[in-house]
>>> print(open('coords-v6.cif').read())   # mmCIF, C-alpha atoms and all ligand atoms
data_data
#
loop_
_atom_site.label_atom_id
_atom_site.label_comp_id
_atom_site.auth_asym_id
_atom_site.auth_seq_id
_atom_site.Cartn_x
_atom_site.Cartn_y
_atom_site.Cartn_z
CA MET A 166 -15.88 -24.68 -13.84
CA ASN A 167 -15.90 -22.12 -16.62
CA LEU A 168 -16.16 -19.27 -14.19
CA GLU A 169 -13.23 -20.58 -12.21
CA SER A 170 -10.98 -20.79 -15.23
CA MET A 171 -12.03 -17.29 -16.24
CA ASN A 172 -11.12 -15.98 -12.82
CA ARG A 173 -7.79 -17.70 -12.98
CA GLN A 174 -7.12 -16.18 -16.36
CA ALA A 175 -7.88 -12.71 -15.02
CA GLU A 176 -5.61 -13.32 -12.07
CA THR A 177 -2.66 -14.35 -14.19
CA GLU A 178 -2.62 -10.89 -15.76
CA PHE A 179 -1.58 -9.31 -12.51
CA THR A 180 -1.02 -11.04 -9.21
CA LEU A 181 -0.29 -9.35 -5.96
CA ALA A 182 1.95 -11.31 -3.63
CA PRO A 183 -0.01 -12.67 -0.63
CA SER A 184 2.38 -11.11 1.87
CA ILE A 185 2.00 -7.69 0.28
CA ARG A 186 -1.76 -8.09 0.03
CA ARG A 187 -1.85 -8.97 3.72
CA HIS A 188 0.32 -5.99 4.59
CA LEU A 189 -1.92 -3.65 2.62
CA LYS A 190 -5.04 -5.07 4.26
CA LEU A 191 -3.55 -4.82 7.74
CA ALA A 192 -2.34 -1.26 7.15
CA GLY A 193 -5.78 -0.31 5.82
CA ALA A 194 -7.47 -1.88 8.84
CA PHE A 195 -5.25 -0.02 11.27
CA GLU A 196 -5.81 3.24 9.40
CA LEU A 197 -9.54 2.69 9.66
CA VAL A 198 -9.33 1.87 13.36
CA GLY A 199 -7.07 4.87 13.99
CA GLY A 200 -9.09 7.24 11.83
CA VAL A 201 -12.32 6.28 13.56
CA GLY A 202 -10.95 5.44 16.98
CA ALA A 203 -8.96 8.62 17.65
CA PRO A 204 -11.81 11.10 17.04
CA VAL A 205 -14.39 8.86 18.70
CA GLY A 206 -12.12 8.47 21.70
CA PHE A 207 -11.72 12.23 21.77
CA VAL A 208 -15.48 12.77 21.81
CA CYS A 209 -15.97 10.09 24.47
CA TYR A 210 -13.24 11.63 26.59
CA HIS A 211 -14.89 15.04 26.43
CA ARG A 212 -18.31 13.58 27.11
CA PHE A 213 -17.10 11.84 30.25
CA ALA A 214 -14.66 14.52 31.38
CA THR A 215 -17.04 17.41 31.06
CA ALA A 216 -20.71 16.98 31.69
CA ASP A 217 -21.64 19.82 29.41
CA PHE A 218 -19.69 19.22 26.19
CA ARG A 219 -20.56 21.51 23.36
CA PRO A 220 -18.48 21.04 20.23
CA GLY A 221 -17.19 24.33 18.90
CA PRO A 222 -14.83 25.25 16.07
CA LEU A 223 -11.79 24.39 18.18
CA GLU A 224 -13.18 20.91 18.87
CA ALA A 225 -13.88 20.50 15.17
CA ILE A 226 -10.24 21.26 14.37
CA GLU A 227 -9.08 18.88 17.08
CA PHE A 228 -11.46 16.27 15.77
CA LEU A 229 -10.05 16.62 12.26
CA ALA A 230 -6.47 16.64 13.50
CA LEU A 231 -7.09 13.47 15.48
CA PHE A 232 -8.69 11.84 12.48
CA LEU A 233 -5.65 12.66 10.34
CA LEU A 234 -3.28 11.53 13.08
CA GLY A 235 -5.29 8.35 13.55
CA VAL A 236 -4.84 7.58 9.85
CA MET A 237 -1.30 8.85 9.39
CA VAL A 238 0.34 7.28 12.42
CA PRO A 239 -0.55 3.67 11.53
CA ARG A 240 0.30 4.40 7.90
CA MET A 241 3.76 5.67 8.86
CA ILE A 242 4.32 2.73 11.19
CA PHE A 243 3.44 0.26 8.46
CA ARG A 244 5.37 2.20 5.86
CA PHE A 245 8.64 2.56 7.74
CA LEU A 246 8.65 0.03 10.56
CA VAL A 247 6.55 -3.01 9.73
CA GLY A 248 6.96 -3.80 6.05
CA ALA A 249 5.76 -6.87 4.20
CA LYS A 250 7.62 -10.11 3.78
CA CYS A 251 9.54 -10.05 0.52
CA PRO A 252 7.55 -12.04 -2.08
CA ALA A 253 10.71 -13.25 -3.80
CA PRO A 254 11.04 -16.98 -3.04
CA ASP A 255 14.79 -16.83 -2.47
CA CYS A 256 14.70 -13.79 -0.22
CA ARG A 257 13.94 -13.41 3.46
CA GLY A 258 14.07 -9.63 3.46
CA ARG A 259 11.30 -7.18 4.10
CA ALA A 260 9.64 -5.04 1.46
CA PHE A 261 8.57 -1.52 2.33
CA PRO A 262 6.04 0.52 0.39
CA LYS A 263 7.42 3.43 -1.58
CA GLY A 264 5.65 6.24 -3.34
CA ALA A 265 1.95 6.47 -3.94
CA ASN A 266 -0.42 5.84 -6.80
CA PRO A 267 0.67 3.18 -7.40
CA VAL A 268 2.42 2.06 -4.25
CA ILE A 269 5.49 -0.03 -5.04
CA TYR A 270 6.99 -2.32 -2.43
CA VAL A 271 10.77 -2.36 -2.54
CA CYS A 272 12.70 -5.07 -0.77
CA LYS A 273 15.49 -3.87 1.46
CA SER A 274 17.53 -7.03 0.95
CA CYS A 275 17.28 -7.86 -2.74
CA LYS A 276 16.16 -4.40 -3.97
CA ARG A 277 13.44 -5.94 -6.08
CA SER A 278 10.29 -3.88 -6.49
CA PHE A 279 6.74 -5.16 -6.39
CA PRO A 280 4.05 -2.82 -7.67
CA THR A 281 0.63 -3.11 -6.04
CA GLU A 282 -1.16 -2.20 -9.23
CA PRO A 283 -0.83 -3.51 -12.77
CA PRO A 284 1.45 -1.41 -14.96
CA GLU A 285 -0.26 1.43 -16.76
CA GLN A 286 -1.05 0.80 -20.36
CA GLU A 287 0.47 3.56 -22.43
CA ASP A 288 -0.40 4.11 -26.08
CA GLY A 289 -2.36 0.87 -26.11
CA CYS A 290 0.65 -1.31 -25.58
CA LEU A 291 1.95 -2.90 -22.43
CA THR A 292 5.46 -2.63 -21.10
CA ARG A 293 8.19 -2.92 -23.70
CA PRO A 294 9.03 -6.55 -24.40
CA PRO A 295 12.44 -7.35 -22.94
CA ASP A 296 13.64 -9.34 -25.93
CA SER A 297 17.41 -9.39 -26.07
CA THR A 298 17.45 -10.83 -29.59
CA ARG A 299 16.85 -7.36 -30.99
CA SER A 300 20.32 -5.99 -30.49
CA GLY A 301 20.87 -2.30 -30.98
CA PRO A 302 22.86 -0.97 -33.93
CA HIS A 303 25.27 0.74 -31.54
CA LYS A 304 26.40 -2.62 -30.22
CA SER A 305 29.86 -2.92 -31.77
CA THR A 306 31.73 -6.16 -32.07
CA HIS A 307 35.45 -6.32 -32.54
ZN ZN B 401 13.79 -9.49 -1.28
#
>>> encode(input="coords-v6.cif", output="structure tokens")
Amino acid sequence: MNLESMNRQAETEFTLAPSIRRHLKLAGAFELVGGVGAPVGFVCYHRFATADFRPGPLEAIEFLALFLLGVMVPRMIFRFLVGAKCPAPDCRGRAFPKGANPVIYVCKSCKRSFPTEPPEQEDGCLTRPPDSTRSGPHKSTH
């Protein structure tokens, strides 16, 4: 009971939209499958194609290239083609990840952005409070 409420409290500090979380998980899974699958498939292909397969420096480069391709291709597909469902309740658009570290999902329809990581704490204080009551001195009234 206590533990549950503590968890909930921690979650309220920063929540990642379920659709974005799912998209991140799926993209990560495909990157893993591609990163492992492409080089392993390459080795298997050589093993079956040539009876006497001896990995040399060229194969090592190919192996590395396939690993990178296996990771990058799914990442690009998820980044530019798939996208996550926009977490905004009144929007049916798709949010695509932008940038890196942290990745921010930006919706194509409503242009809202959804960071995947909590905002960085700078100088010990969180993001500036958006209180409109504190009007600037430059605000002139006629
Ligand atoms: Zn949207």
>>> atom_distance(input="coords-v6.cif", atom1="CA of Ala260 (chain A)", atom2="CA of Gly199 (chain A)")
23.1 Å
>>> closest_atom_pairs(input="coords-v6.cif", of="chain A", to="ligand ZN 401 (chain B)", cutoff="12 Å", atoms="all atoms listed in the file", output="Markdown table")
| residue | atom | partner | partner_atom | distance |
| --- | --- | --- | --- | --- |
| A:Ser184 | CA | B:ZN401 | ZN | 11.9 |
| A:Gly248 | CA | B:ZN401 | ZN | 11.5 |
| A:Ala249 | CA | B:ZN401 | ZN | 10.1 |
| A:Lys250 | CA | B:ZN401 | ZN | 8.0 |
| A:Cys251 | CA | B:ZN401 | ZN | 4.6 |
| A:Pro252 | CA | B:ZN401 | ZN | 6.8 |
| A:Ala253 | CA | B:ZN401 | ZN | 5.5 |
| A:Pro254 | CA | B:ZN401 | ZN | 8.2 |
| A:Asp255 | CA | B:ZN401 | ZN | 7.5 |
| A:Cys256 | CA | B:ZN401 | ZN | 4.5 |
| A:Arg257 | CA | B:ZN401 | ZN | 6.2 |
| A:Gly258 | CA | B:ZN401 | ZN | 4.8 |
| A:Arg259 | CA | B:ZN401 | ZN | 6.4 |
| A:Ala260 | CA | B:ZN401 | ZN | 6.7 |
| A:Phe261 | CA | B:ZN401 | ZN | 10.2 |
| A:Tyr270 | CA | B:ZN401 | ZN | 9.9 |
| A:Val271 | CA | B:ZN401 | ZN | 7.8 |
| A:Cys272 | CA | B:ZN401 | ZN | 4.6 |
| A:Lys273 | CA | B:ZN401 | ZN | 6.5 |
| A:Ser274 | CA | B:ZN401 | ZN | 5.0 |
| A:Cys275 | CA | B:ZN401 | ZN | 4.1 |
| A:Lys276 | CA | B:ZN401 | ZN | 6.2 |
| A:Arg277 | CA | B:ZN401 | ZN | 6.0 |
| A:Ser278 | CA | B:ZN401 | ZN | 8.4 |
| A:Phe279 | CA | B:ZN401 | ZN | 9.7 |
>>> write_last_selection(input="coords-v6.cif", atoms="C-alpha atoms", output="PDB file, in the frame of the given file")
ATOM      1  CA  SER A 184       2.380 -11.110   1.870  1.00  0.00           C
ATOM      2  CA  GLY A 248       6.960  -3.800   6.050  1.00  0.00           C
ATOM      3  CA  ALA A 249       5.760  -6.870   4.200  1.00  0.00           C
ATOM      4  CA  LYS A 250       7.620 -10.110   3.780  1.00  0.00           C
ATOM      5  CA  CYS A 251       9.540 -10.050   0.520  1.00  0.00           C
ATOM      6  CA  PRO A 252       7.550 -12.040  -2.080  1.00  0.00           C
ATOM      7  CA  ALA A 253      10.710 -13.250  -3.800  1.00  0.00           C
ATOM      8  CA  PRO A 254      11.040 -16.980  -3.040  1.00  0.00           C
ATOM      9  CA  ASP A 255      14.790 -16.830  -2.470  1.00  0.00           C
ATOM     10  CA  CYS A 256      14.700 -13.790  -0.220  1.00  0.00           C
ATOM     11  CA  ARG A 257      13.940 -13.410   3.460  1.00  0.00           C
ATOM     12  CA  GLY A 258      14.070  -9.630   3.460  1.00  0.00           C
ATOM     13  CA  ARG A 259      11.300  -7.180   4.100  1.00  0.00           C
ATOM     14  CA  ALA A 260       9.640  -5.040   1.460  1.00  0.00           C
ATOM     15  CA  PHE A 261       8.570  -1.520   2.330  1.00  0.00           C
ATOM     16  CA  TYR A 270       6.990  -2.320  -2.430  1.00  0.00           C
ATOM     17  CA  VAL A 271      10.770  -2.360  -2.540  1.00  0.00           C
ATOM     18  CA  CYS A 272      12.700  -5.070  -0.770  1.00  0.00           C
ATOM     19  CA  LYS A 273      15.490  -3.870   1.460  1.00  0.00           C
ATOM     20  CA  SER A 274      17.530  -7.030   0.950  1.00  0.00           C
ATOM     21  CA  CYS A 275      17.280  -7.860  -2.740  1.00  0.00           C
ATOM     22  CA  LYS A 276      16.160  -4.400  -3.970  1.00  0.00           C
ATOM     23  CA  ARG A 277      13.440  -5.940  -6.080  1.00  0.00           C
ATOM     24  CA  SER A 278      10.290  -3.880  -6.490  1.00  0.00           C
ATOM     25  CA  PHE A 279       6.740  -5.160  -6.390  1.00  0.00           C
TER      26      PHE A 279
END
>>> atom_distance(input="coords-v6.cif", atom1="CA of Val208 (chain A)", atom2="CA of Pro220 (chain A)")
8.9 Å
>>> closest_residue(input="coords-v6.cif", among="A:Ile185, A:Leu234, A:Ala265, A:Ile226", to="Ala203 (chain A)", atoms="all atoms listed in the file")
A:Leu234
>>> atom_distance(input="coords-v6.cif", atom1="CA of Pro267 (chain A)", atom2="CA of Gly202 (chain A)")
27.1 Å
>>> residues_around(input="coords-v6.cif", residues="Val238 (chain A)", least_positions_apart="3", cutoff="12 Å", atoms="all atoms listed in the file", output="list in words")
Ala192, Gly193, Phe195, Glu196, Leu197, Val198, Gly199, Gly200, Ala203, Ala230, Leu231, Phe232, Leu233, Leu234, Gly235, Met241, Ile242, Phe243, Arg244, Phe245 and Leu246 of chain A
